[in-house]
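Data from run-v1.cif: mmCIF, C-alpha atoms
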```
data_coords
loop_
_atom_site.label_atom_id
_atom_site.label_comp_id
_atom_site.auth_asym_id
_atom_site.auth_seq_id
_atom_site.Cartn_x
_atom_site.Cartn_y
_atom_site.Cartn_z
CA MET A 1 3.90 -65.07 53.18
CA SER A 2 1.70 -63.06 50.79
CA THR A 3 3.22 -60.40 48.62
CA LEU A 4 2.31 -57.01 47.18
CA SER A 5 2.79 -56.10 43.53
CA ILE A 6 4.28 -52.63 43.37
CA SER A 7 4.70 -50.43 40.28
CA VAL A 8 7.28 -47.74 40.95
CA TRP A 9 8.08 -44.80 38.68
CA ARG A 10 11.71 -44.86 37.49
CA GLY A 11 13.42 -42.08 35.57
CA GLN A 12 12.67 -38.38 35.30
CA GLU A 13 9.90 -36.66 33.32
CA SER A 14 10.20 -39.50 30.85
CA GLY A 15 10.57 -42.93 32.33
CA ARG A 16 8.57 -46.06 33.02
CA TYR A 17 7.03 -48.03 35.84
CA GLN A 18 9.14 -50.88 37.25
CA GLU A 19 7.48 -53.86 38.91
CA PHE A 20 8.52 -55.21 42.31
CA GLU A 21 7.19 -57.93 44.61
CA VAL A 22 7.31 -56.93 48.27
CA PRO A 23 6.37 -59.04 51.32
CA ARG A 24 2.98 -58.10 52.77
CA LEU A 25 3.26 -57.25 56.48
CA ALA A 26 0.85 -56.19 59.19
CA SER A 27 0.52 -52.41 59.76
CA GLN A 28 2.78 -51.78 56.76
CA THR A 29 2.95 -48.22 55.43
CA VAL A 30 3.61 -47.21 51.84
CA LEU A 31 6.91 -45.71 53.02
CA ASP A 32 7.82 -49.14 54.49
CA VAL A 33 7.21 -50.62 51.04
CA VAL A 34 9.41 -48.06 49.26
CA THR A 35 12.13 -48.47 51.90
CA PHE A 36 12.04 -52.26 51.49
CA ILE A 37 12.50 -51.90 47.74
CA GLN A 38 15.44 -49.52 48.16
CA ARG A 39 17.17 -51.57 50.86
CA GLU A 40 16.49 -55.09 49.67
CA LEU A 41 15.68 -55.08 45.94
CA ASP A 42 17.17 -52.06 44.17
CA PRO A 43 19.50 -49.66 46.01
CA THR A 44 19.43 -47.22 43.07
CA LEU A 45 15.82 -46.22 43.80
CA ALA A 46 15.69 -42.53 44.76
CA TYR A 47 13.08 -41.31 47.25
CA ARG A 48 12.90 -38.76 50.06
CA TYR A 49 11.84 -39.03 53.67
CA ALA A 50 12.97 -37.83 57.09
CA CYS A 51 10.77 -38.06 60.18
CA ARG A 52 8.52 -41.06 59.31
CA VAL A 53 5.79 -39.74 61.64
CA GLY A 54 3.95 -37.05 59.67
CA MET A 55 5.87 -34.03 60.90
CA CYS A 56 8.30 -33.13 58.13
CA GLY A 57 6.19 -33.56 54.98
CA SER A 58 9.10 -34.79 52.87
CA CYS A 59 7.78 -38.26 51.95
CA ALA A 60 4.75 -37.14 49.90
CA MET A 61 4.26 -39.17 46.70
CA THR A 62 1.46 -40.11 44.36
CA VAL A 63 0.00 -43.41 45.53
CA ASN A 64 -2.60 -45.03 43.27
CA GLY A 65 -3.15 -41.67 41.59
CA ARG A 66 -3.51 -39.57 44.75
CA ALA A 67 -0.94 -37.42 46.49
CA ARG A 68 -0.37 -38.65 50.06
CA TRP A 69 2.16 -38.77 52.85
CA THR A 70 3.55 -42.27 52.42
CA CYS A 71 4.64 -42.48 56.08
CA ARG A 72 1.06 -42.06 57.32
CA THR A 73 -0.65 -44.16 54.66
CA HIS A 74 -1.21 -47.79 55.56
CA VAL A 75 -1.07 -50.22 52.67
CA ASP A 76 -4.40 -51.64 53.95
CA SER A 77 -6.14 -48.36 53.20
CA VAL A 78 -4.93 -47.92 49.60
CA ALA A 79 -3.90 -51.29 48.10
CA GLN A 80 -6.25 -52.31 45.32
CA GLY A 81 -6.14 -56.12 45.00
CA GLU A 82 -2.69 -56.23 46.64
CA ARG A 83 -1.37 -53.76 44.04
CA LEU A 84 0.12 -50.30 44.48
CA GLU A 85 1.29 -47.74 41.96
CA ILE A 86 3.78 -45.27 43.40
CA ALA A 87 4.87 -42.16 41.47
CA PRO A 88 6.41 -38.76 42.27
CA LEU A 89 4.20 -35.77 43.10
CA ARG A 90 2.44 -34.17 40.12
CA ASN A 91 3.04 -30.56 39.03
CA LEU A 92 6.70 -30.54 40.07
CA PRO A 93 9.82 -31.40 38.06
CA VAL A 94 11.09 -34.90 38.77
CA VAL A 95 14.71 -35.07 39.91
CA ARG A 96 14.79 -38.86 39.75
CA ASP A 97 12.38 -41.72 40.44
CA LEU A 98 10.17 -40.58 43.38
CA VAL A 99 12.04 -37.35 44.18
CA THR A 100 10.65 -34.04 42.96
CA ASP A 101 12.35 -30.66 42.82
CA MET A 102 10.48 -28.48 45.34
CA THR A 103 12.30 -25.25 44.36
CA GLU A 104 9.35 -23.84 42.40
CA PHE A 105 6.95 -24.74 45.22
CA PHE A 106 8.93 -22.79 47.84
CA ASP A 107 9.78 -19.95 45.44
CA LYS A 108 6.03 -19.40 45.16
CA TRP A 109 5.78 -19.12 48.96
CA ALA A 110 8.32 -16.30 48.70
CA GLY A 111 6.38 -14.86 45.74
CA ALA A 112 3.23 -14.78 47.88
CA HIS A 113 5.13 -12.81 50.54
CA GLY A 114 4.96 -15.79 52.86
CA ARG A 115 7.51 -14.30 55.24
CA PHE A 116 6.45 -12.46 58.39
CA ARG A 117 7.26 -8.74 58.35
CA GLY A 118 6.93 -7.08 61.72
CA SER A 119 7.78 -3.62 62.99
CA ALA A 120 8.46 -4.34 66.66
CA THR A 121 11.98 -4.39 68.04
CA ARG A 122 13.41 -6.37 70.94
CA LYS A 123 12.79 -3.31 73.13
CA ASP A 124 9.05 -3.42 72.54
CA GLU A 125 6.60 -5.39 74.66
CA PHE A 126 5.31 -8.68 73.31
CA ALA A 127 2.23 -8.24 71.14
CA GLN A 128 -0.83 -9.68 72.81
CA VAL A 129 -3.14 -11.43 70.38
CA PRO A 130 -6.32 -12.80 72.00
CA PRO A 131 -6.65 -16.47 70.99
CA GLY A 132 -10.38 -16.01 70.48
CA SER A 133 -10.17 -12.97 68.20
CA PRO A 134 -11.67 -13.56 64.73
CA ALA A 135 -8.38 -12.82 62.91
CA ARG A 136 -6.42 -15.16 65.18
CA GLN A 137 -9.00 -17.90 64.59
CA LEU A 138 -8.65 -17.47 60.83
CA ALA A 139 -4.86 -17.62 61.09
CA ASP A 140 -5.07 -20.70 63.35
CA ALA A 141 -7.17 -22.52 60.73
CA GLY A 142 -4.29 -22.50 58.25
CA ILE A 143 -1.18 -22.22 60.42
CA GLU A 144 -0.39 -25.95 60.76
CA CYS A 145 0.75 -26.35 57.13
CA ILE A 146 4.14 -28.12 56.97
CA GLY A 147 4.75 -27.56 53.26
CA CYS A 148 4.51 -31.15 52.06
CA GLY A 149 3.25 -30.22 48.58
CA VAL A 150 0.25 -32.58 48.58
CA CYS A 151 -2.17 -29.72 47.86
CA TYR A 152 0.08 -28.30 45.12
CA SER A 153 0.32 -31.72 43.50
CA SER A 154 -3.46 -32.20 43.67
CA CYS A 155 -4.35 -28.82 42.15
CA ASP A 156 -5.66 -28.81 38.58
CA VAL A 157 -5.16 -25.07 38.25
CA VAL A 158 -1.41 -25.46 38.88
CA ALA A 159 -1.35 -27.95 36.01
CA TRP A 160 -3.22 -25.54 33.70
CA ASN A 161 -1.55 -22.31 34.80
CA PRO A 162 2.12 -22.82 35.74
CA ALA A 163 2.41 -19.28 37.10
CA TYR A 164 -0.35 -19.93 39.66
CA LEU A 165 1.03 -19.56 43.19
CA GLY A 166 -0.85 -22.62 44.40
CA PRO A 167 -2.85 -23.52 47.51
CA ALA A 168 -0.02 -23.77 50.05
CA ALA A 169 1.57 -20.39 49.27
CA LEU A 170 -1.82 -18.66 49.26
CA ASN A 171 -2.83 -20.36 52.51
CA ARG A 172 0.41 -19.10 54.07
CA ALA A 173 -0.29 -15.58 52.83
CA TRP A 174 -3.78 -15.70 54.36
CA THR A 175 -2.40 -16.63 57.79
CA LEU A 176 -0.15 -13.56 57.61
CA VAL A 177 -2.96 -11.30 56.40
CA ASN A 178 -4.68 -12.25 59.65
CA ASP A 179 -1.58 -11.73 61.79
CA ALA A 180 -2.17 -8.52 63.76
CA ARG A 181 1.61 -7.96 64.09
CA ASP A 182 2.41 -8.16 60.37
CA THR A 183 3.05 -4.91 58.49
CA GLY A 184 3.46 -6.19 54.95
CA ASN A 185 -0.12 -6.78 53.94
CA ARG A 186 -0.53 -4.10 51.28
CA ALA A 187 2.33 -5.55 49.23
CA ARG A 188 1.24 -9.10 50.10
CA LEU A 189 -2.31 -8.55 48.81
CA ALA A 190 -0.90 -7.15 45.56
CA ALA A 191 1.38 -10.20 45.25
CA VAL A 192 -1.41 -12.76 45.73
CA ALA A 193 -4.06 -11.07 43.52
CA GLY A 194 -4.82 -11.57 39.86
CA ASP A 195 -4.40 -14.23 37.20
CA ALA A 196 -1.45 -15.96 38.88
CA GLY A 197 -2.83 -15.49 42.37
CA CYS A 198 -5.96 -16.30 44.32
CA HIS A 199 -8.28 -15.27 41.47
CA ALA A 200 -7.11 -18.20 39.37
CA CYS A 201 -8.59 -20.70 41.87
CA HIS A 202 -11.69 -22.49 40.55
CA THR A 203 -12.69 -23.82 43.97
CA HIS A 204 -12.34 -27.47 42.92
CA MET A 205 -11.29 -28.11 46.54
CA SER A 206 -8.91 -30.97 45.74
CA CYS A 207 -6.37 -29.25 48.01
CA SER A 208 -8.79 -29.21 50.93
CA GLU A 209 -9.89 -32.79 50.35
CA ARG A 210 -6.36 -34.17 50.23
CA CYS A 211 -4.54 -32.03 52.79
CA PRO A 212 -3.17 -34.51 55.37
CA LYS A 213 -3.49 -31.80 58.04
CA GLN A 214 -7.18 -31.19 57.23
CA ILE A 215 -6.43 -27.56 56.40
CA SER A 216 -8.72 -25.90 53.87
CA PRO A 217 -6.58 -23.80 51.50
CA THR A 218 -9.80 -23.21 49.54
CA ALA A 219 -11.23 -21.26 52.48
CA SER A 220 -7.98 -19.29 52.80
CA ILE A 221 -8.04 -18.48 49.07
CA ALA A 222 -11.67 -17.36 49.36
CA GLY A 223 -10.59 -15.02 52.16
CA LEU A 224 -7.84 -13.61 49.95
CA LYS A 225 -10.31 -13.10 47.09
CA ARG A 226 -12.52 -11.01 49.36
CA ALA A 227 -9.60 -9.03 50.83
CA THR A 228 -7.99 -8.33 47.44
CA ALA A 229 -11.30 -7.41 45.77
CA LEU A 230 -11.93 -4.92 48.56
CA ALA A 231 -8.40 -3.54 48.19
CA ALA A 232 -8.87 -3.23 44.39
CA LEU A 233 -12.14 -1.35 44.82
CA LYS A 234 -10.42 1.02 47.26
CA GLY A 235 -7.54 1.54 44.79
CA GLU A 236 -5.01 -0.04 47.16
CA LEU A 237 -3.64 -2.69 44.78
CA MET B 1 -2.69 -6.57 32.33
CA TYR B 2 -2.35 -4.81 35.67
CA THR B 3 -3.16 -6.78 38.80
CA ARG B 4 -5.89 -4.34 39.82
CA ALA B 5 -7.58 -4.71 36.44
CA GLN B 6 -7.47 -8.51 36.76
CA VAL B 7 -9.07 -8.33 40.20
CA LEU B 8 -11.76 -5.94 38.93
CA LEU B 9 -12.49 -8.32 36.06
CA TRP B 10 -12.94 -11.14 38.57
CA THR B 11 -15.21 -8.93 40.68
CA ALA B 12 -17.25 -7.94 37.61
CA GLN B 13 -17.70 -11.58 36.67
CA ARG B 14 -18.96 -12.51 40.13
CA ALA B 15 -21.28 -9.50 40.25
CA SER B 16 -22.65 -10.26 36.77
CA ALA B 17 -23.20 -13.87 37.84
CA VAL B 18 -25.53 -12.66 40.59
CA VAL B 19 -27.51 -10.59 38.06
CA LEU B 20 -27.61 -13.54 35.64
CA ALA B 21 -28.92 -15.90 38.31
CA VAL B 22 -31.94 -13.63 38.85
CA CYS B 23 -32.44 -12.96 35.11
CA VAL B 24 -32.32 -16.67 34.18
CA ILE B 25 -34.92 -17.53 36.82
CA ILE B 26 -37.29 -14.77 35.61
CA HIS B 27 -36.68 -15.80 31.99
CA LEU B 28 -37.38 -19.50 32.66
CA VAL B 29 -40.49 -18.80 34.73
CA THR B 30 -41.77 -16.55 31.93
CA ILE B 31 -41.17 -19.25 29.32
CA ILE B 32 -42.92 -21.93 31.37
CA TYR B 33 -45.86 -19.59 32.03
CA ALA B 34 -46.07 -18.36 28.43
CA ILE B 35 -46.19 -21.78 26.70
CA ARG B 36 -49.13 -23.14 28.66
CA ASN B 37 -51.34 -22.77 25.59
CA GLY B 38 -48.64 -23.03 22.96
CA ILE B 39 -46.52 -20.15 21.81
CA THR B 40 -46.40 -17.97 18.71
CA ALA B 41 -44.22 -15.13 17.50
CA ALA B 42 -47.24 -12.86 17.64
CA GLU B 43 -47.81 -13.69 21.29
CA ILE B 44 -44.18 -12.96 22.20
CA LEU B 45 -44.19 -9.68 20.28
CA GLY B 46 -47.50 -8.78 21.85
CA ARG B 47 -45.87 -9.02 25.24
CA THR B 48 -42.61 -7.25 24.42
CA ARG B 49 -43.54 -4.53 21.89
CA GLY B 50 -43.73 -1.17 23.55
CA SER B 51 -43.03 -2.68 26.97
CA TYR B 52 -40.36 -0.67 28.72
CA ALA B 53 -40.33 -3.21 31.56
CA TRP B 54 -39.42 -6.18 29.29
CA CYS B 55 -37.02 -4.01 27.29
CA GLY B 56 -35.26 -2.94 30.48
CA PHE B 57 -35.19 -6.49 31.84
CA TYR B 58 -33.65 -7.97 28.69
CA ALA B 59 -31.23 -5.05 28.34
CA ILE B 60 -29.91 -5.86 31.83
CA PHE B 61 -29.81 -9.57 30.88
CA VAL B 62 -27.75 -8.82 27.74
CA ALA B 63 -25.41 -6.48 29.63
CA ALA B 64 -24.76 -9.15 32.27
CA VAL B 65 -24.05 -11.77 29.58
CA ALA B 66 -21.73 -9.40 27.72
CA VAL B 67 -19.72 -8.86 30.92
CA HIS B 68 -19.82 -12.41 32.29
CA ALA B 69 -19.15 -14.59 29.26
CA PRO B 70 -15.95 -12.95 27.90
CA ILE B 71 -14.26 -12.93 31.32
CA GLY B 72 -14.99 -16.65 31.72
CA LEU B 73 -13.87 -17.29 28.15
CA ARG B 74 -10.60 -15.52 28.95
CA SER B 75 -9.83 -18.05 31.71
CA VAL B 76 -10.94 -21.02 29.60
CA LEU B 77 -8.72 -20.01 26.67
CA ALA B 78 -5.75 -19.22 28.92
CA GLU B 79 -5.94 -22.57 30.69
CA THR B 80 -6.76 -24.82 27.73
CA LEU B 81 -4.66 -23.18 24.99
CA ASN B 82 -1.99 -21.63 27.22
CA TRP B 83 -2.82 -18.35 25.48
CA ARG B 84 -2.17 -15.20 27.52
CA GLY B 85 -1.41 -11.54 26.91
CA ALA B 86 -2.80 -8.64 24.92
CA GLY B 87 -3.97 -10.83 22.01
CA LEU B 88 -6.20 -12.82 24.32
CA ASP B 89 -7.52 -9.71 26.09
CA LEU B 90 -8.41 -8.03 22.79
CA THR B 91 -10.09 -11.20 21.51
CA VAL B 92 -12.34 -11.55 24.54
CA LEU B 93 -13.06 -7.81 24.50
CA ALA B 94 -14.22 -8.20 20.90
CA THR B 95 -16.33 -11.20 21.96
CA GLY B 96 -17.97 -9.13 24.69
CA LEU B 97 -18.70 -6.26 22.29
CA ALA B 98 -20.17 -8.68 19.73
CA LEU B 99 -22.41 -10.28 22.37
CA ALA B 100 -23.56 -6.84 23.50
CA LEU B 101 -24.19 -5.69 19.91
CA TRP B 102 -26.21 -8.78 18.93
CA GLY B 103 -28.02 -8.88 22.25
CA PHE B 104 -29.10 -5.23 22.25
CA ARG B 105 -30.08 -5.54 18.59
CA ALA B 106 -32.38 -8.45 19.50
CA VAL B 107 -33.88 -6.52 22.44
CA TYR B 108 -34.50 -3.53 20.15
CA ALA B 109 -36.06 -5.78 17.50
CA VAL B 110 -38.73 -7.16 19.85
CA PHE B 111 -39.38 -3.76 21.42
CA VAL B 112 -40.22 -1.63 18.37
#
```
Final structure tokens representation of the file:
Amino acid sequence: MSTLSISVWRGQESGRYQEFEVPRLASQTVLDVVTFIQRELDPTLAYRYACRVGMCGSCAMTVNGRARWTCRTHVDSVAQGERLEIAPLRNLPVVRDLVTDMTEFFDKWAGAHGRFRGSATRKDEFAQVPPGSPARQLADAGIECIGCGVCYSSCDVVAWNPAYLGPAALNRAWTLVNDARDTGNRARLAAVAGDAGCHACHTHMSCSERCPKQISPTASIAGLKRATALAALKGEL
Amino acid sequence: MYTRAQVLLWTAQRASAVVLAVCVIIHLVTIIYAIRNGITAAEILGRTRGSYAWCGFYAIFVAAVAVHAPIGLRSVLAETLNWRGAGLDLTVLATGLALALWGFRAVYAVFV
């Protein structure tokens, strides 16, 4: 049986790569590899996963230098000469080994006013939003984000500007800006504007290239730039 | 700096970029056209002295540079040196004023 040579990050912010040899199997995913190491070679390895089918977003790691969902990444597609290097996501504090602390990531969602704020009560009729309306289409384009952190980990601006809200939080804000039922947009636009908000984005598009859901946070951020610039010119920020 | 001011700076940089794109094209086309038979200081001054059109064009060019460059420099310095706050804002403001001063001085020098 052939084997894979795997370098796995061990430790926290400071640490080192540890080498493992793992059996090479057909249709093997990177998550299968990490699970094999933890179950068969070193039970102290820390990593995070839940659904294994690309729904929960908890197994994202840096594989050969790129942030990916490990459950949906076949070894065939990323192994370079039967070698893999597996590390935690960039731009987030490392708890241990392959586990990052996502607190900052989700705090920024809250900072971008990523929570729906409606005005209707249970006595009101359901809001009717035509699926084909331009605003609904814009919201649909970004709504499938599951918060895996791949875009945040891939963003250079997050690395350079730690206060930057990041692609996922801004994408979430843009879906709410386009939600006809939401009433919190004035405060939301103020929260996502400026040096720590959408205006920090340099349009490198790493987030859009690497999003496993093929969402384009770059397009959402561009929408926020237009909306906030208009609000600033009107004196509404 | 207030959020609204940051957004207006961003807007000013994008707007000045549009002006610069046009100015650079006109400037390059003029250079390529002007050096067909070599170029001399006398030829340049012959074209610019007393010309309100060239004076106006280069005044707009200088104004766009003086707006565009410091705002970009502000982001570059913040991201590479992790330098933020009033010190940075005053430094890039001074840079913009210096660019405007030197630029308008040059435009004046080839006009009179």
Nearest-residue call for Ala78 (chain B), choices A:Val157, A:Val33, A:Leu233, A:Val78, using all atoms listed in the file: A:Val157
With 10 Å as the limit and counting all atoms listed in the file, what residues in chain A lie close to chain B? Please list them as a PDB file with C-alpha atoms, in the coordinates of the input.
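The resulting file, result-v3.pdb, is shown below:
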```pdb
ATOM      1  CA  VAL A 157      -5.160 -25.070  38.250  1.00  0.00           C
ATOM      2  CA  VAL A 158      -1.410 -25.460  38.880  1.00  0.00           C
ATOM      3  CA  ALA A 159      -1.350 -27.950  36.010  1.00  0.00           C
ATOM      4  CA  TRP A 160      -3.220 -25.540  33.700  1.00  0.00           C
ATOM      5  CA  ASN A 161      -1.550 -22.310  34.800  1.00  0.00           C
ATOM      6  CA  PRO A 162       2.120 -22.820  35.740  1.00  0.00           C
ATOM      7  CA  ALA A 190      -0.900  -7.150  45.560  1.00  0.00           C
ATOM      8  CA  ALA A 191       1.380 -10.200  45.250  1.00  0.00           C
ATOM      9  CA  VAL A 192      -1.410 -12.760  45.730  1.00  0.00           C
ATOM     10  CA  ALA A 193      -4.060 -11.070  43.520  1.00  0.00           C
ATOM     11  CA  GLY A 194      -4.820 -11.570  39.860  1.00  0.00           C
ATOM     12  CA  ASP A 195      -4.400 -14.230  37.200  1.00  0.00           C
ATOM     13  CA  ALA A 196      -1.450 -15.960  38.880  1.00  0.00           C
ATOM     14  CA  GLY A 197      -2.830 -15.490  42.370  1.00  0.00           C
ATOM     15  CA  CYS A 198      -5.960 -16.300  44.320  1.00  0.00           C
ATOM     16  CA  HIS A 199      -8.280 -15.270  41.470  1.00  0.00           C
ATOM     17  CA  ALA A 200      -7.110 -18.200  39.370  1.00  0.00           C
ATOM     18  CA  LYS A 225     -10.310 -13.100  47.090  1.00  0.00           C
ATOM     19  CA  ARG A 226     -12.520 -11.010  49.360  1.00  0.00           C
ATOM     20  CA  THR A 228      -7.990  -8.330  47.440  1.00  0.00           C
ATOM     21  CA  ALA A 229     -11.300  -7.410  45.770  1.00  0.00           C
ATOM     22  CA  LEU A 230     -11.930  -4.920  48.560  1.00  0.00           C
ATOM     23  CA  ALA A 231      -8.400  -3.540  48.190  1.00  0.00           C
ATOM     24  CA  ALA A 232      -8.870  -3.230  44.390  1.00  0.00           C
ATOM     25  CA  LEU A 233     -12.140  -1.350  44.820  1.00  0.00           C
ATOM     26  CA  GLY A 235      -7.540   1.540  44.790  1.00  0.00           C
ATOM     27  CA  GLU A 236      -5.010  -0.040  47.160  1.00  0.00           C
ATOM     28  CA  LEU A 237      -3.640  -2.690  44.780  1.00  0.00           C
TER      29      LEU A 237
END
```
What's the 9 Å shell around region 97-107 of chain A, counting only C-alpha atoms, without same-chain residues fewer than 6 positions away, as an mmCIF file with C-alpha atoms, in the frame of the given file?
```
data_model
loop_
_atom_site.group_PDB
_atom_site.id
_atom_site.type_symbol
_atom_site.label_atom_id
_atom_site.label_comp_id
_atom_site.auth_asym_id
_atom_site.auth_seq_id
_atom_site.Cartn_x
_atom_site.Cartn_y
_atom_site.Cartn_z
ATOM 1 C CA VAL A 8 7.280 -47.740 40.950
ATOM 2 C CA TRP A 9 8.080 -44.800 38.680
ATOM 3 C CA ARG A 10 11.710 -44.860 37.490
ATOM 4 C CA GLY A 11 13.420 -42.080 35.570
ATOM 5 C CA GLN A 12 12.670 -38.380 35.300
ATOM 6 C CA GLY A 15 10.570 -42.930 32.330
ATOM 7 C CA LEU A 45 15.820 -46.220 43.800
ATOM 8 C CA ALA A 46 15.690 -42.530 44.760
ATOM 9 C CA TYR A 47 13.080 -41.310 47.250
ATOM 10 C CA ARG A 48 12.900 -38.760 50.060
ATOM 11 C CA CYS A 59 7.780 -38.260 51.950
ATOM 12 C CA MET A 61 4.260 -39.170 46.700
ATOM 13 C CA THR A 62 1.460 -40.110 44.360
ATOM 14 C CA ILE A 86 3.780 -45.270 43.400
ATOM 15 C CA ALA A 87 4.870 -42.160 41.470
ATOM 16 C CA PRO A 88 6.410 -38.760 42.270
ATOM 17 C CA LEU A 89 4.200 -35.770 43.100
ATOM 18 C CA ARG A 90 2.440 -34.170 40.120
ATOM 19 C CA GLY A 147 4.750 -27.560 53.260
ATOM 20 C CA GLY A 149 3.250 -30.220 48.580
ATOM 21 C CA TYR A 152 0.080 -28.300 45.120
ATOM 22 C CA LEU A 165 1.030 -19.560 43.190
ATOM 23 C CA GLY A 166 -0.850 -22.620 44.400
ATOM 24 C CA ALA A 168 -0.020 -23.770 50.050
ATOM 25 C CA ALA A 169 1.570 -20.390 49.270
#
```
Write out as a ChimeraX atom specification which residues come within 9 Å of region 136-140 of chain A when counting all atoms listed in the file, dropping same-chain ones fewer than 4 positions away. /A:129-132,144,172,174-180,220
Counting all atoms listed in the file, which residue out of A:Gly142, A:Pro43, A:Gly223, A:Pro167 sits closest to Met205 (chain A)?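 With all atoms listed in the file as the atom set, the closest residue is A:Pro167.
Distance annotation: of A:Ser5, A:Thr203, A:Gln38, A:Thr73, the residue with the minimal separation from Val22 (chain A) is A:Ser5; atom set is all atoms listed in the file.
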Output the residue selection produced by the PyMOL selection byres ((chain B and resi 88-104) around 12) on the file above, formatted as a CSV table (one decimal) with C-alpha atoms, keeping the file's coordinate frame.
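Listed below is the output, result33.csv:
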```csv
chain,number,residue,atom,x,y,z
B,1,MET,CA,-2.7,-6.6,32.3
B,2,TYR,CA,-2.4,-4.8,35.7
B,5,ALA,CA,-7.6,-4.7,36.4
B,6,GLN,CA,-7.5,-8.5,36.8
B,9,LEU,CA,-12.5,-8.3,36.1
B,55,CYS,CA,-37.0,-4.0,27.3
B,56,GLY,CA,-35.3,-2.9,30.5
B,57,PHE,CA,-35.2,-6.5,31.8
B,58,TYR,CA,-33.6,-8.0,28.7
B,59,ALA,CA,-31.2,-5.0,28.3
B,60,ILE,CA,-29.9,-5.9,31.8
B,61,PHE,CA,-29.8,-9.6,30.9
B,62,VAL,CA,-27.8,-8.8,27.7
B,63,ALA,CA,-25.4,-6.5,29.6
B,64,ALA,CA,-24.8,-9.2,32.3
B,65,VAL,CA,-24.0,-11.8,29.6
B,66,ALA,CA,-21.7,-9.4,27.7
B,67,VAL,CA,-19.7,-8.9,30.9
B,68,HIS,CA,-19.8,-12.4,32.3
B,69,ALA,CA,-19.2,-14.6,29.3
B,70,PRO,CA,-16.0,-13.0,27.9
B,71,ILE,CA,-14.3,-12.9,31.3
B,72,GLY,CA,-15.0,-16.6,31.7
B,73,LEU,CA,-13.9,-17.3,28.2
B,74,ARG,CA,-10.6,-15.5,29.0
B,75,SER,CA,-9.8,-18.0,31.7
B,76,VAL,CA,-10.9,-21.0,29.6
B,77,LEU,CA,-8.7,-20.0,26.7
B,78,ALA,CA,-5.8,-19.2,28.9
B,79,GLU,CA,-5.9,-22.6,30.7
B,81,LEU,CA,-4.7,-23.2,25.0
B,82,ASN,CA,-2.0,-21.6,27.2
B,83,TRP,CA,-2.8,-18.4,25.5
B,84,ARG,CA,-2.2,-15.2,27.5
B,85,GLY,CA,-1.4,-11.5,26.9
B,86,ALA,CA,-2.8,-8.6,24.9
B,87,GLY,CA,-4.0,-10.8,22.0
B,105,ARG,CA,-30.1,-5.5,18.6
B,106,ALA,CA,-32.4,-8.4,19.5
B,107,VAL,CA,-33.9,-6.5,22.4
B,108,TYR,CA,-34.5,-3.5,20.2
B,109,ALA,CA,-36.1,-5.8,17.5
B,110,VAL,CA,-38.7,-7.2,19.8
B,111,PHE,CA,-39.4,-3.8,21.4
```
Would you mind reading off the distance between CA of Arg52 (chain A) and CA of Cys71 (chain A), one decimal, in Å?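 CA of Cys71 (chain A) lies 5.2 Å from CA of Arg52 (chain A).
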If I take CA of Arg117 (chain A) and CA of Ile143 (chain A), how far is one from the other in Å, to one decimal?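 Distance reported for this atom pair: 16.0 Å.
Between CA of Asp156 (chain A) and CA of His204 (chain A) lies a distance of 8.1 Å.
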Take the PyMOL selection byres ((chain A and resi 212) around 8), run it mentally on this structure, and tell me the resulting residues as a ChimeraX atom specification. /A:68-69,150,210-211,213-215
Find the residues near Val75 (chain A): any atom within 6 Å, counting all atoms listed in the file, skip ones fewer than 4 places away on the same chain, and give them as an MDAnalysis selection string. chainID A and resid 28:30 79
Applied to the shown file, which residues does the PyMOL selection byres ((chain A and resi 217) around 6) return, written as a PyMOL selection string? chain A and resi 167+171+208+216+218-220
